[in-house]
Each structure stands twice: as structure tokens, then as C-alpha cells.
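Undergrad: File follows, data.tsv with TSV, C-alpha atoms:
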```
chain	number	residue	atom	x	y	z
O	15	MET	CA	9.65	1.44	24.11
O	16	SER	CA	6.30	-0.19	23.36
O	17	LEU	CA	5.46	-1.73	19.97
O	18	ILE	CA	2.59	0.71	19.46
O	19	LYS	CA	1.05	3.58	21.39
O	20	ALA	CA	-2.02	5.79	21.44
O	21	PHE	CA	-1.63	9.40	20.27
O	22	ARG	CA	-3.58	12.64	19.88
O	23	GLY	CA	-4.78	12.32	16.31
O	24	LEU	CA	-5.45	15.25	13.99
O	25	ARG	CA	-8.84	14.61	12.38
O	26	PRO	CA	-11.54	16.32	10.33
O	27	THR	CA	-14.03	18.18	12.50
O	28	PRO	CA	-17.72	17.15	12.24
O	29	GLY	CA	-19.17	18.07	8.88
O	30	TYR	CA	-15.85	18.12	7.05
O	31	GLU	CA	-15.12	14.38	6.93
O	32	SER	CA	-16.29	13.78	3.35
O	33	GLU	CA	-14.64	16.96	2.10
O	34	VAL	CA	-11.27	16.07	3.63
O	35	ALA	CA	-11.01	12.33	2.90
O	36	ALA	CA	-8.77	11.61	-0.10
O	37	PRO	CA	-7.13	8.64	-1.84
O	38	PRO	CA	-3.51	7.85	-0.95
O	39	TYR	CA	-1.08	10.32	-2.47
O	40	ASP	CA	0.64	7.72	-4.66
O	41	VAL	CA	-2.31	6.14	-6.52
O	42	MET	CA	-2.85	8.93	-9.04
O	43	ASN	CA	-0.79	11.06	-11.39
O	44	GLN	CA	-0.58	14.85	-11.20
O	45	ALA	CA	-3.32	15.45	-13.76
O	46	GLU	CA	-5.68	13.14	-11.90
O	47	ALA	CA	-4.85	14.84	-8.59
O	48	ARG	CA	-5.62	18.27	-10.07
O	49	ALA	CA	-8.97	17.03	-11.35
O	50	MET	CA	-9.83	15.50	-7.96
O	51	VAL	CA	-9.38	18.80	-6.08
O	52	GLU	CA	-11.58	20.87	-8.39
O	53	GLY	CA	-14.32	22.39	-6.24
O	54	ARG	CA	-12.86	20.70	-3.13
O	55	PRO	CA	-10.85	23.30	-1.19
O	56	TRP	CA	-10.55	21.05	1.87
O	57	SER	CA	-9.46	17.85	0.11
O	58	PHE	CA	-6.45	16.35	1.86
O	59	LEU	CA	-4.76	16.23	-1.54
O	60	HIS	CA	-3.91	19.90	-0.96
O	61	ILE	CA	-1.57	18.54	1.74
O	62	SER	CA	-0.51	15.19	0.30
O	63	ARG	CA	-0.21	16.45	-3.31
O	64	PRO	CA	0.35	20.20	-2.82
O	65	GLU	CA	1.65	20.67	-6.36
O	66	VAL	CA	-2.04	20.85	-7.35
O	67	ASP	CA	-1.96	24.43	-6.00
O	68	LEU	CA	1.17	25.41	-7.95
O	69	PRO	CA	1.66	26.08	-11.69
O	70	GLN	CA	1.60	23.19	-14.14
O	71	GLY	CA	5.04	21.71	-14.60
O	72	THR	CA	6.22	22.45	-11.06
O	73	ASP	CA	8.86	19.95	-9.97
O	74	VAL	CA	7.09	17.83	-7.33
O	75	TYR	CA	10.35	17.64	-5.36
O	76	SER	CA	10.92	21.41	-5.26
O	77	PRO	CA	11.05	23.26	-1.91
O	78	GLU	CA	7.93	25.22	-2.93
O	79	VAL	CA	5.88	22.03	-2.94
O	80	TYR	CA	6.75	21.08	0.64
O	81	ALA	CA	6.28	24.67	1.80
O	82	ARG	CA	2.82	24.76	0.23
O	83	ALA	CA	1.91	21.50	1.99
O	84	ALA	CA	2.81	23.06	5.36
O	85	GLU	CA	0.89	26.22	4.50
O	86	ASN	CA	-2.21	24.25	3.50
O	87	LEU	CA	-2.08	22.17	6.67
O	88	ALA	CA	-1.83	25.34	8.77
O	89	VAL	CA	-4.82	26.89	6.97
O	90	MET	CA	-6.98	23.81	7.49
O	91	ARG	CA	-6.16	23.83	11.20
O	92	ASP	CA	-6.71	27.60	11.52
O	93	LYS	CA	-10.09	27.34	9.77
O	94	GLY	CA	-11.21	24.53	12.06
O	95	VAL	CA	-11.39	21.95	9.27
O	96	LEU	CA	-8.89	19.78	11.14
O	97	ALA	CA	-8.49	19.59	14.92
O	98	GLN	CA	-6.31	17.57	17.26
O	99	ASP	CA	-7.89	15.28	19.84
O	100	GLU	CA	-7.36	16.28	23.47
O	101	ARG	CA	-6.52	12.79	24.72
O	102	ASP	CA	-4.22	10.04	23.56
O	103	SER	CA	-6.38	7.63	21.57
O	104	TYR	CA	-6.40	4.61	19.37
O	105	TYR	CA	-8.80	4.56	16.44
O	106	VAL	CA	-10.63	1.52	15.13
O	107	TYR	CA	-10.79	1.75	11.34
O	108	ARG	CA	-13.12	-0.33	9.17
O	109	LEU	CA	-12.98	-0.59	5.38
O	110	THR	CA	-15.89	-2.02	3.40
O	111	MET	CA	-15.63	-2.72	-0.33
O	112	GLY	CA	-18.63	-4.60	-1.65
O	113	GLY	CA	-18.85	-7.75	0.44
O	114	HIS	CA	-15.32	-7.43	1.80
O	115	VAL	CA	-14.86	-6.00	5.31
O	116	GLN	CA	-11.62	-5.48	7.25
O	117	THR	CA	-11.27	-3.92	10.68
O	118	GLY	CA	-7.98	-2.65	12.08
O	119	LEU	CA	-6.40	-0.20	14.49
O	120	VAL	CA	-4.88	3.23	13.82
O	121	ALA	CA	-1.85	3.53	16.09
O	122	ALA	CA	1.58	5.09	16.37
O	123	ALA	CA	4.06	2.26	15.71
O	124	SER	CA	7.55	2.15	17.18
O	125	VAL	CA	10.48	3.23	15.01
O	126	ALA	CA	12.77	1.23	17.33
O	127	ALA	CA	10.72	-1.89	16.56
O	128	TYR	CA	11.01	-1.09	12.86
O	129	ASP	CA	14.76	-0.56	13.11
O	130	SER	CA	15.26	-3.82	15.00
O	131	ASP	CA	13.06	-5.75	12.52
O	132	ARG	CA	10.28	-6.49	14.97
O	133	ILE	CA	8.25	-4.62	12.37
O	134	LYS	CA	9.30	-6.61	9.32
O	135	LYS	CA	9.78	-5.39	5.75
O	136	HIS	CA	9.67	-7.22	2.43
O	137	GLU	CA	10.59	-4.56	-0.16
O	138	PHE	CA	13.53	-2.39	-1.09
O	139	THR	CA	12.93	1.37	-1.17
O	140	ARG	CA	13.96	3.86	-3.84
O	141	PRO	CA	16.10	6.77	-2.60
O	142	ALA	CA	14.15	9.52	-4.41
O	143	LYS	CA	10.81	8.41	-3.00
O	144	GLU	CA	12.24	7.94	0.48
O	145	ASP	CA	13.83	11.41	0.38
O	146	ASP	CA	10.49	12.86	-0.70
O	147	ARG	CA	8.69	11.40	2.31
O	148	VAL	CA	11.42	12.68	4.66
O	149	ARG	CA	10.98	16.21	3.30
O	150	GLN	CA	7.20	15.93	3.59
O	151	ILE	CA	7.33	14.82	7.23
O	152	ASP	CA	9.85	17.52	8.12
O	153	ALA	CA	7.88	20.26	6.35
O	154	LEU	CA	4.58	19.31	8.00
O	155	ASN	CA	6.07	18.22	11.32
O	156	ALA	CA	3.53	15.43	10.96
O	157	GLN	CA	2.98	12.03	9.39
O	158	THR	CA	-0.13	12.15	7.24
O	159	GLY	CA	0.13	8.97	5.16
O	160	PRO	CA	-0.41	5.84	7.28
O	161	VAL	CA	1.80	2.80	6.89
O	162	PHE	CA	-0.31	-0.32	6.24
O	163	LEU	CA	0.76	-2.94	8.81
O	164	VAL	CA	-0.48	-6.47	9.45
O	165	TYR	CA	-0.48	-8.70	12.52
O	166	ARG	CA	-1.04	-12.44	12.67
O	167	ALA	CA	-4.71	-12.63	13.56
O	168	GLN	CA	-5.41	-13.08	17.27
O	169	ALA	CA	-8.91	-13.74	18.54
O	170	ALA	CA	-8.56	-11.46	21.56
O	171	VAL	CA	-7.56	-8.47	19.42
O	172	ASP	CA	-10.07	-9.16	16.67
O	173	GLU	CA	-12.90	-9.53	19.17
O	174	LEU	CA	-12.00	-6.29	20.96
O	175	LEU	CA	-11.90	-4.32	17.70
O	176	ALA	CA	-15.21	-5.85	16.61
O	177	ARG	CA	-16.78	-4.93	19.95
O	178	VAL	CA	-15.75	-1.29	19.52
O	179	ALA	CA	-17.00	-1.31	15.91
O	180	ALA	CA	-20.41	-2.55	17.03
O	181	GLU	CA	-21.07	0.94	18.41
O	182	THR	CA	-22.02	3.98	16.33
O	183	SER	CA	-18.97	5.23	14.44
O	184	THR	CA	-17.42	8.67	14.94
O	185	LEU	CA	-16.78	9.02	11.20
O	186	ASP	CA	-18.52	7.37	8.26
O	187	VAL	CA	-17.47	8.30	4.72
O	188	THR	CA	-18.15	6.54	1.44
O	189	ALA	CA	-15.54	7.60	-1.11
O	190	ARG	CA	-16.00	8.09	-4.83
O	191	ASP	CA	-14.85	4.52	-5.49
O	192	GLU	CA	-17.71	3.28	-3.26
O	193	VAL	CA	-15.35	2.13	-0.50
O	194	ARG	CA	-16.79	2.89	2.93
O	195	HIS	CA	-14.44	4.22	5.64
O	196	GLU	CA	-15.58	4.14	9.29
O	197	LEU	CA	-13.69	5.31	12.37
O	198	TRP	CA	-14.22	4.88	16.10
O	199	VAL	CA	-12.24	6.80	18.73
O	200	VAL	CA	-10.85	4.67	21.58
O	201	ASP	CA	-9.81	7.01	24.39
O	202	ASP	CA	-11.03	5.05	27.41
O	203	PRO	CA	-7.85	4.46	29.49
O	204	ALA	CA	-8.79	0.87	30.29
O	205	LEU	CA	-9.32	-0.01	26.63
O	206	VAL	CA	-6.13	1.79	25.62
O	207	GLU	CA	-4.18	-0.16	28.23
O	208	ARG	CA	-5.77	-3.42	27.08
O	209	LEU	CA	-4.74	-2.78	23.48
O	210	ASP	CA	-1.24	-1.80	24.62
O	211	GLY	CA	-0.86	-5.16	26.32
O	212	LEU	CA	-2.32	-7.25	23.49
O	213	PHE	CA	0.00	-5.77	20.89
O	214	GLU	CA	3.02	-5.82	23.19
O	215	GLY	CA	2.54	-9.59	23.39
O	216	MET	CA	2.97	-9.98	19.64
O	217	ASP	CA	6.26	-11.19	18.22
O	218	ALA	CA	6.09	-9.04	15.10
O	219	LEU	CA	4.15	-6.77	12.80
O	220	TYR	CA	4.56	-6.75	9.02
O	221	VAL	CA	4.68	-3.85	6.57
O	222	ALA	CA	2.10	-4.65	3.90
O	223	ASP	CA	2.30	-1.28	2.13
O	224	GLY	CA	4.18	1.91	2.94
O	225	HIS	CA	7.86	0.92	2.92
O	226	HIS	CA	8.94	4.41	1.85
O	227	ARG	CA	6.84	6.09	4.56
O	228	SER	CA	8.17	3.83	7.32
O	229	ALA	CA	11.79	4.16	6.13
O	230	ALA	CA	11.38	7.94	6.02
O	231	ALA	CA	9.93	7.97	9.54
O	232	SER	CA	12.99	6.05	10.74
O	233	ARG	CA	15.31	8.63	9.21
O	234	VAL	CA	13.38	11.55	10.71
O	235	ALA	CA	13.42	9.88	14.12
O	236	ALA	CA	17.19	9.34	13.94
O	237	ALA	CA	17.76	13.00	13.04
O	238	ARG	CA	15.57	14.24	15.92
O	239	ARG	CA	16.51	11.70	18.57
O	240	LYS	CA	17.39	12.91	22.05
O	241	GLU	CA	18.94	10.48	24.49
O	242	GLY	CA	16.66	9.51	27.36
O	243	THR	CA	13.63	11.30	25.93
O	244	GLU	CA	10.81	9.63	24.04
O	245	GLN	CA	9.37	11.86	21.33
O	246	GLU	CA	6.44	11.63	18.93
O	247	SER	CA	8.95	11.26	16.09
O	248	ASP	CA	10.02	7.95	17.66
O	249	TYR	CA	6.73	6.53	16.35
O	250	PHE	CA	5.06	6.52	12.94
O	251	LEU	CA	1.43	6.63	11.81
O	252	SER	CA	0.07	3.20	10.98
O	253	VAL	CA	-3.11	1.22	10.44
O	254	ILE	CA	-2.80	-2.39	11.58
O	255	PHE	CA	-5.07	-5.17	10.28
O	256	PRO	CA	-5.25	-8.92	11.00
O	257	HIS	CA	-3.63	-10.94	8.23
O	258	ASP	CA	-6.69	-13.08	7.54
O	259	GLN	CA	-8.85	-10.07	6.63
O	260	MET	CA	-6.53	-8.83	3.89
O	261	ASN	CA	-7.69	-8.69	0.29
O	262	ILE	CA	-4.73	-9.04	-2.07
O	263	LEU	CA	-5.39	-8.76	-5.80
O	264	PRO	CA	-2.99	-9.88	-8.52
O	265	TYR	CA	-0.39	-7.50	-9.88
O	266	ASN	CA	-0.38	-8.25	-13.61
O	267	ARG	CA	2.39	-7.62	-16.14
O	268	VAL	CA	2.51	-6.16	-19.66
O	269	VAL	CA	5.59	-6.10	-21.91
O	270	ARG	CA	6.24	-3.83	-24.87
O	271	ASP	CA	7.79	-6.33	-27.34
O	272	LEU	CA	8.72	-9.99	-27.80
O	273	ASN	CA	12.48	-9.41	-27.68
O	274	GLY	CA	12.94	-9.84	-31.43
O	275	MET	CA	10.76	-12.96	-31.82
O	276	ASP	CA	7.52	-13.33	-33.72
O	277	ALA	CA	4.47	-14.74	-31.94
O	278	GLU	CA	4.95	-18.26	-33.29
O	279	ALA	CA	8.57	-18.51	-32.23
O	280	PHE	CA	7.78	-17.00	-28.84
O	281	LEU	CA	4.97	-19.50	-28.19
O	282	ALA	CA	7.31	-22.35	-29.04
O	283	ARG	CA	9.85	-21.09	-26.51
O	284	VAL	CA	7.17	-20.66	-23.84
O	285	GLY	CA	6.10	-24.27	-24.45
O	286	GLU	CA	9.56	-25.46	-23.44
O	287	ALA	CA	9.03	-24.25	-19.87
O	288	PHE	CA	5.24	-24.31	-19.42
O	289	GLU	CA	2.27	-26.40	-20.41
O	290	VAL	CA	0.46	-24.06	-22.82
O	291	THR	CA	-3.28	-24.35	-23.50
O	292	ALA	CA	-5.27	-22.01	-25.74
O	293	SER	CA	-8.35	-20.49	-24.09
O	294	ASP	CA	-11.45	-18.92	-25.66
O	295	GLN	CA	-11.98	-16.90	-22.46
O	296	PRO	CA	-9.75	-14.46	-20.54
O	297	VAL	CA	-7.59	-16.40	-18.09
O	298	ALA	CA	-7.71	-15.50	-14.40
O	299	PRO	CA	-5.43	-18.05	-12.69
O	300	ASN	CA	-7.09	-19.85	-9.78
O	301	THR	CA	-4.05	-21.50	-8.25
O	302	THR	CA	-0.34	-20.92	-7.83
O	303	ALA	CA	2.18	-21.68	-10.60
O	304	THR	CA	-0.39	-20.90	-13.31
O	305	PHE	CA	-0.62	-17.79	-15.48
O	306	GLY	CA	-2.73	-16.21	-18.17
O	307	MET	CA	-1.05	-14.90	-21.32
O	308	TYR	CA	-2.63	-12.57	-23.88
O	309	LEU	CA	-0.87	-12.44	-27.24
O	310	ASP	CA	-2.09	-11.47	-30.72
O	311	GLY	CA	-5.70	-11.22	-29.56
O	312	LYS	CA	-5.69	-14.69	-27.98
O	313	TRP	CA	-5.58	-15.95	-24.40
O	314	TYR	CA	-3.46	-18.87	-23.25
O	315	HIS	CA	-3.28	-20.74	-19.95
O	316	LEU	CA	0.27	-21.43	-18.76
O	317	ALA	CA	0.99	-24.05	-16.12
O	318	LEU	CA	4.28	-24.91	-14.47
O	319	ASP	CA	5.03	-28.41	-13.17
O	320	PRO	CA	4.58	-28.13	-9.36
O	321	GLN	CA	7.71	-30.22	-8.88
O	322	ARG	CA	9.69	-27.39	-10.48
O	323	VAL	CA	8.55	-24.87	-7.85
O	324	PRO	CA	11.46	-24.29	-5.43
O	325	ALA	CA	11.11	-24.30	-1.66
O	326	ASP	CA	12.74	-20.88	-1.18
O	327	PRO	CA	9.99	-18.41	-0.14
O	328	VAL	CA	11.01	-15.76	-2.68
O	329	ALA	CA	11.74	-18.06	-5.60
O	330	ALA	CA	8.41	-19.84	-5.03
O	331	LEU	CA	6.34	-16.67	-5.52
O	332	ASP	CA	4.37	-16.62	-8.76
O	333	VAL	CA	5.93	-13.27	-9.68
O	334	SER	CA	9.37	-14.92	-9.31
O	335	LEU	CA	8.38	-18.03	-11.27
O	336	LEU	CA	7.20	-15.94	-14.21
O	337	ALA	CA	10.25	-13.66	-14.04
O	338	ASP	CA	12.79	-16.48	-13.72
O	339	ARG	CA	11.31	-18.80	-16.35
O	340	LEU	CA	9.87	-16.42	-18.93
O	341	ILE	CA	10.27	-12.67	-18.53
O	342	GLU	CA	14.04	-12.72	-18.03
O	343	PRO	CA	15.19	-15.66	-20.21
O	344	LEU	CA	12.75	-15.10	-23.10
O	345	LEU	CA	11.96	-11.38	-22.99
O	346	GLY	CA	15.36	-10.24	-21.77
O	347	ILE	CA	14.10	-8.19	-18.81
O	348	SER	CA	16.43	-8.71	-15.86
O	349	ASP	CA	15.70	-5.51	-13.89
O	350	PRO	CA	11.95	-4.86	-13.82
O	351	ARG	CA	12.50	-1.86	-11.52
O	352	ARG	CA	14.26	0.08	-14.26
O	353	ASP	CA	13.46	-1.60	-17.58
O	354	GLU	CA	10.89	0.57	-19.38
O	355	ARG	CA	9.75	-2.33	-21.58
O	356	ILE	CA	7.70	-3.76	-18.71
O	357	ASP	CA	4.79	-2.24	-16.84
O	358	PHE	CA	2.51	-3.42	-14.05
O	359	VAL	CA	-1.28	-3.34	-13.85
O	360	GLY	CA	-3.13	-3.63	-10.54
O	361	GLY	CA	-5.74	-6.36	-10.44
O	362	ILE	CA	-8.46	-3.84	-9.57
O	363	ARG	CA	-8.37	-2.78	-13.26
O	364	GLY	CA	-9.41	-6.25	-14.45
O	365	LEU	CA	-8.32	-8.40	-17.37
O	366	GLY	CA	-9.97	-6.02	-19.82
O	367	GLU	CA	-7.22	-3.50	-19.13
O	368	LEU	CA	-4.61	-6.07	-20.20
O	369	GLU	CA	-6.48	-6.70	-23.45
O	370	ARG	CA	-6.83	-2.97	-24.13
O	371	ARG	CA	-3.13	-2.23	-23.68
O	372	VAL	CA	-2.15	-5.02	-26.06
O	373	ASP	CA	-4.92	-4.48	-28.61
O	374	ARG	CA	-4.12	-0.82	-29.10
O	375	GLY	CA	-0.47	-1.66	-29.76
O	376	GLU	CA	0.96	-0.08	-26.67
O	377	MET	CA	2.17	-3.48	-25.45
O	378	ALA	CA	2.87	-6.76	-27.26
O	379	ILE	CA	1.96	-9.22	-24.53
O	380	ALA	CA	0.22	-9.38	-21.15
O	381	PHE	CA	0.34	-11.81	-18.25
O	382	SER	CA	-2.37	-12.32	-15.63
O	383	MET	CA	-1.22	-13.53	-12.23
O	384	TYR	CA	-2.47	-15.43	-9.23
O	385	PRO	CA	-2.28	-13.10	-6.22
O	386	THR	CA	0.46	-13.41	-3.63
O	387	SER	CA	-0.95	-14.56	-0.28
O	388	MET	CA	-0.41	-12.96	3.12
O	389	GLU	CA	1.19	-16.21	4.27
O	390	GLN	CA	3.75	-15.91	1.48
O	391	LEU	CA	4.41	-12.26	2.31
O	392	MET	CA	4.98	-13.04	5.98
O	393	ALA	CA	7.20	-16.04	5.15
O	394	VAL	CA	9.43	-13.81	3.00
O	395	ALA	CA	9.60	-11.17	5.74
O	396	ASP	CA	10.30	-13.77	8.44
O	397	ALA	CA	13.18	-15.10	6.34
O	398	GLY	CA	14.63	-11.59	6.08
O	399	GLU	CA	14.24	-11.71	2.32
O	400	VAL	CA	12.90	-9.18	-0.18
O	401	MET	CA	10.05	-9.70	-2.63
O	402	PRO	CA	10.32	-8.77	-6.31
O	403	PRO	CA	8.85	-5.38	-7.24
O	404	LYS	CA	5.09	-5.13	-7.71
O	405	SER	CA	4.30	-8.42	-5.95
O	406	THR	CA	1.14	-7.32	-4.10
O	407	TRP	CA	-1.83	-5.06	-4.77
O	408	PHE	CA	-3.98	-4.45	-1.70
O	409	GLU	CA	-7.61	-3.40	-1.98
O	410	PRO	CA	-9.34	-1.47	-0.62
O	411	LYS	CA	-6.88	1.38	-0.16
O	412	LEU	CA	-6.61	3.41	3.04
O	413	ALA	CA	-7.85	6.99	2.91
O	414	ASP	CA	-5.58	9.94	3.64
O	415	GLY	CA	-6.69	12.69	5.99
O	416	LEU	CA	-8.88	10.72	8.41
O	417	VAL	CA	-6.18	10.64	11.12
O	418	SER	CA	-2.75	12.29	11.07
O	419	HIS	CA	0.09	12.04	13.61
O	420	LEU	CA	1.57	15.36	14.72
O	421	LEU	CA	5.21	15.37	15.83
O	422	GLU	CA	4.86	18.55	17.90
```
Output the file's structure in the form of C-alpha cells.
TA:
Amino acid sequence: MSLIKAFRGLRPTPGYESEVAAPPYDVMNQAEARAMVEGRPWSFLHISRPEVDLPQGTDVYSPEVYARAAENLAVMRDKGVLAQDERDSYYVYRLTMGGHVQTGLVAAASVAAYDSDRIKKHEFTRPAKEDDRVRQIDALNAQTGPVFLVYRAQAAVDELLARVAAETSTLDVTARDEVRHELWVVDDPALVERLDGLFEGMDALYVADGHHRSAAASRVAAARRKEGTEQESDYFLSVIFPHDQMNILPYNRVVRDLNGMDAEAFLARVGEAFEVTASDQPVAPNTTATFGMYLDGKWYHLALDPQRVPADPVAALDVSLLADRLIEPLLGISDPRRDERIDFVGGIRGLGELERRVDRGEMAIAFSMYPTSMEQLMAVADAGEVMPPKSTWFEPKLADGLVSHLLE
């Protein structure tokens, strides 16, 4: 079974691209999703967040939600809003956010490669979210949310994708957040074969984002597997980018209280582990093992002695350094996945969001982080280890609805 393959994508028909394109299903709450679909009957959120079409308070995991998703998908196909390509294709996908550009490939990635760790993971999944994605795939008989994969950049692949993207795009949509999404269909058999060979020569791919979607696809494939027969469910929808084009922002932390200490006592304890310097400006760390801290209306720069940074790829992550030397021993938070005293703020929201959450009394303290690098992510995955929760925040986000993978 090949690492990736071309497939007959389900895409918006000409004229409907902007109406269909939607943010990923998991970047907004239910109220935000309902607001986003107002006046937009063909938004893909009617499929990815179908509770928007059901009464307020509907349990998002109820059978009615998955049934409505399937119904909405069928309607959009019947009305000609979405149509399946006639030939197996790859799709070159370019994202542009301001001056940042990244160009990757939409492909069906092998579940067998995922199961055997040729497609490497770096996060644990939560059962409820994984179960939700299994039900969604089964109800739709399709994968509609792409898994964000990364390959170690190779000149031959990058040059081929850039050559395709030099032509006029098939789809060109600028979303409400000003991110531009462009798509090119690659259905020429020679180009498809060339891409097959280039990716087959790779040792591994890496899951950057979408661990629940890929784990769910593996479960669906196992349930549908037939010996000796390759099926569409043996592959999952993915978008694959070169590692050196990724844009990772910090994933900052806010904590509700100081674990029984006042600010003065807490600062003294922090000073035992870090070099602490007051700052008259918000602190955005510009190197590893340094952190910003916002407390009582003041910013501080925290620095850790580089000699105290361990060699282990997980323990050396900035999110681990802060957790192991401050958040757990001083603030008493040992399980950030479940402890409601801590929350996480994507770097796209800026340092002002940290100040706001502390200043209005919602949180007592905030920490700004230096972003995890792709090299660190891949080193953790190569070691078969798992990163702490909320270690990476990728921008720009992929759009839902531009290409879906039918399992029919």
C-alpha cells in the first residue's frame, strides 16, 4: 500500500467556492458557529458543525447531529453545490497569510502507514473527541476535515508543487480572516505518478495537527477492512506541507490563581528557578528557555540557565520547562489536560489577550512562550514520544470544504 494516493475529490462547483469554504470545525464555539452560518446556506459548517441547524442546547454528540450532517451533505450534492471529480487527482494547496506563503499537497494518506508509525504522531487523543470523529466519518461516509501532515522538505517535491502553482489556480478564496486559499487540480497521469514516486521515497510523514481525525480514520478503516481488497477507507484526507514552510506561533498559558501565595511571595519563588527581570514592555520571548510573565499589571522576563535544559526532546521543550519548573511545583498544576485552573491562548490572539484576561480578574497570571519549532516536533515524533498538551499553534489554518474524501 502506497504512502499516499490520488483520489476523486468532492469540491465546490464554480461559483460556490467562497460560499462553501469554512474555518476548521474545532476553532470556534457553538455560538460563533451559529453566527458564521447566518445568511450562508452553503457554508460547510452545516456539515462540519451541523448542530447549527438544530435547536439551541442540542447535545453535539447526539445521533440527530450526525444525521443532520449527512442530510446537509446530500442536499449540497443534490443541488450541485458540491460535485465529485471524475478522475483520481492530487490537489496543490497554497495558503497565504500576509507575507507568509506555504504550498502543499492534498492527498489521501495511508492508514497502514499511520498504524505502522511511518506517519508519526506526537500527541495523545481524547476518547470523546476521537469517538465524535468516528461517528462523523461513518455518518457522512466521507472524511471532510483534512489532517495536517508535514514532510521533511525535499527540493524535487517543492519545485514540482511550485511549478503547478505557477499556473492559474482552479480555486481562489480569501476568507474572512484575510487568509487566501488557492487550489490547483493535478489529474495528469504523468504528474500523479511522479508525485506517487516522490512521496513513496520518503521515510516518514508527521502529523502536525489532526490527531483525532487520523486516529478516527484508523478505527473506521479497521471496522471496514476486507482482506485482499484496498478501499477508500484505507486512506484518510490530508494536506501535506514541507516542514520549512510551517508557521508555528506560541501557545501561551494563563492560570486562575497563585496557589495560595501573594504576588511578592510568588515572585520570590520564581526567582529561585529563573533569572527574573522586570520589563516596561510586554515580553515576547525571542529564544528558547525564556518566558514572559504578566502579574499584577507588570511584565517580567524569565530566563532559565541553558545548562539546566535537559537533552531529552520532550523535557527540553519550552512548554515542558515552564511546566516542570514553575507551573507544577509552584502553581500545583500537574495535569494541564484536566485542571480547570489553567487555560491556553493561541499566539494569533497576541499578548494583549493575556493582559486582558489577567486585568479583568479572570486569571491571576499569564505566561508568554517561545514557539515550538518543527525540528523539535519531528524529534519528539522520531523518538516515539508525546508532547505536552497545547504545545503548537499553527497558522494559517486549513479551510474545510475545499476538498473532501468520499469513502463510497
Undergrad: So the first atom is atom CA of O:Ser348 and the second is atom CA of O:Ala330; what is the distance between them in Å, to one decimal place?
TA: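 So the answer is 17.5 Å.
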Undergrad: Between atom CA of O:Arg82 and atom CA of O:Ala413, what is the distance, to one decimal in Å?
TA: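 Spanning atom CA of O:Arg82 to atom CA of O:Ala413 is a straight-line distance of 20.9 Å.
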Undergrad: May I have the protein, DNA and RNA residues with an atom at most 12 Å from (-9.2, 20.2, 14.3), counting only C-alpha atoms in the file's coordinates, returned as a VMD selection string?
TA: chain O and resid 22 to 31 34 87 to 100 415 to 418 420
Undergrad: Step by step: start from the point (-4.4, -5.1, -9.7) in the file's coordinates, keep every protein, DNA or RNA residue that has an atom no farther than 8 Å from it, count only C-alpha atoms, and write the set as a ChimeraX atom specification.
TA: /O:263-266,359-364,407
Undergrad: How far is it from atom CA of O:Thr304 to atom CA of O:Asp332, in Å with one decimal?
TA: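 Between these atoms lies a distance of 7.9 Å.
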Undergrad: What lies within 12 Å of O:Ser76 using only C-alpha atoms, ignoring chain neighbours under 4 positions off, as a list of chain:residue names?
TA: O:Pro64, O:Glu65, O:Leu68, O:Gly71, O:Thr72, O:Tyr80, O:Ala81, O:Arg82, O:Ala83, O:Asp145, O:Asp146, O:Arg149, O:Gln150
Undergrad: Could stretch 267-280 of chain O be completed with N, CA and C atoms and written as a compact mmCIF listing (two decimals), keeping the file's coordinate frame, please?
TA:
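The resulting file, selection.txt, is shown below:
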```
# COMPACT_ATOMS: atom_id res chain seq x y z
N ARG O 267 1.25 -8.15 -15.39
CA ARG O 267 2.39 -7.62 -16.14
C ARG O 267 2.04 -7.43 -17.61
N VAL O 268 2.59 -6.37 -18.21
CA VAL O 268 2.51 -6.16 -19.66
C VAL O 268 3.90 -5.82 -20.16
N VAL O 269 4.24 -6.30 -21.36
CA VAL O 269 5.59 -6.10 -21.91
C VAL O 269 5.46 -5.54 -23.32
N ARG O 270 6.36 -4.62 -23.65
CA ARG O 270 6.24 -3.83 -24.87
C ARG O 270 6.53 -4.61 -26.15
N ASP O 271 7.42 -5.60 -26.11
CA ASP O 271 7.79 -6.33 -27.34
C ASP O 271 8.16 -7.77 -26.97
N LEU O 272 8.41 -8.57 -28.00
CA LEU O 272 8.72 -9.99 -27.80
C LEU O 272 10.22 -10.26 -27.93
N ASN O 273 11.03 -9.25 -27.70
CA ASN O 273 12.48 -9.41 -27.68
C ASN O 273 13.01 -9.97 -29.00
N GLY O 274 12.45 -9.46 -30.11
CA GLY O 274 12.94 -9.84 -31.43
C GLY O 274 12.29 -11.07 -32.03
N MET O 275 11.44 -11.76 -31.31
CA MET O 275 10.76 -12.96 -31.82
C MET O 275 9.41 -12.61 -32.40
N ASP O 276 8.92 -13.46 -33.31
CA ASP O 276 7.52 -13.33 -33.72
C ASP O 276 6.68 -14.18 -32.77
N ALA O 277 5.35 -14.07 -32.89
CA ALA O 277 4.47 -14.74 -31.94
C ALA O 277 4.64 -16.26 -31.98
N GLU O 278 4.82 -16.81 -33.17
CA GLU O 278 4.95 -18.26 -33.29
C GLU O 278 6.21 -18.76 -32.60
N ALA O 279 7.32 -18.09 -32.86
CA ALA O 279 8.57 -18.51 -32.23
C ALA O 279 8.52 -18.33 -30.72
N PHE O 280 7.88 -17.25 -30.28
CA PHE O 280 7.78 -17.00 -28.84
C PHE O 280 6.95 -18.09 -28.16
```
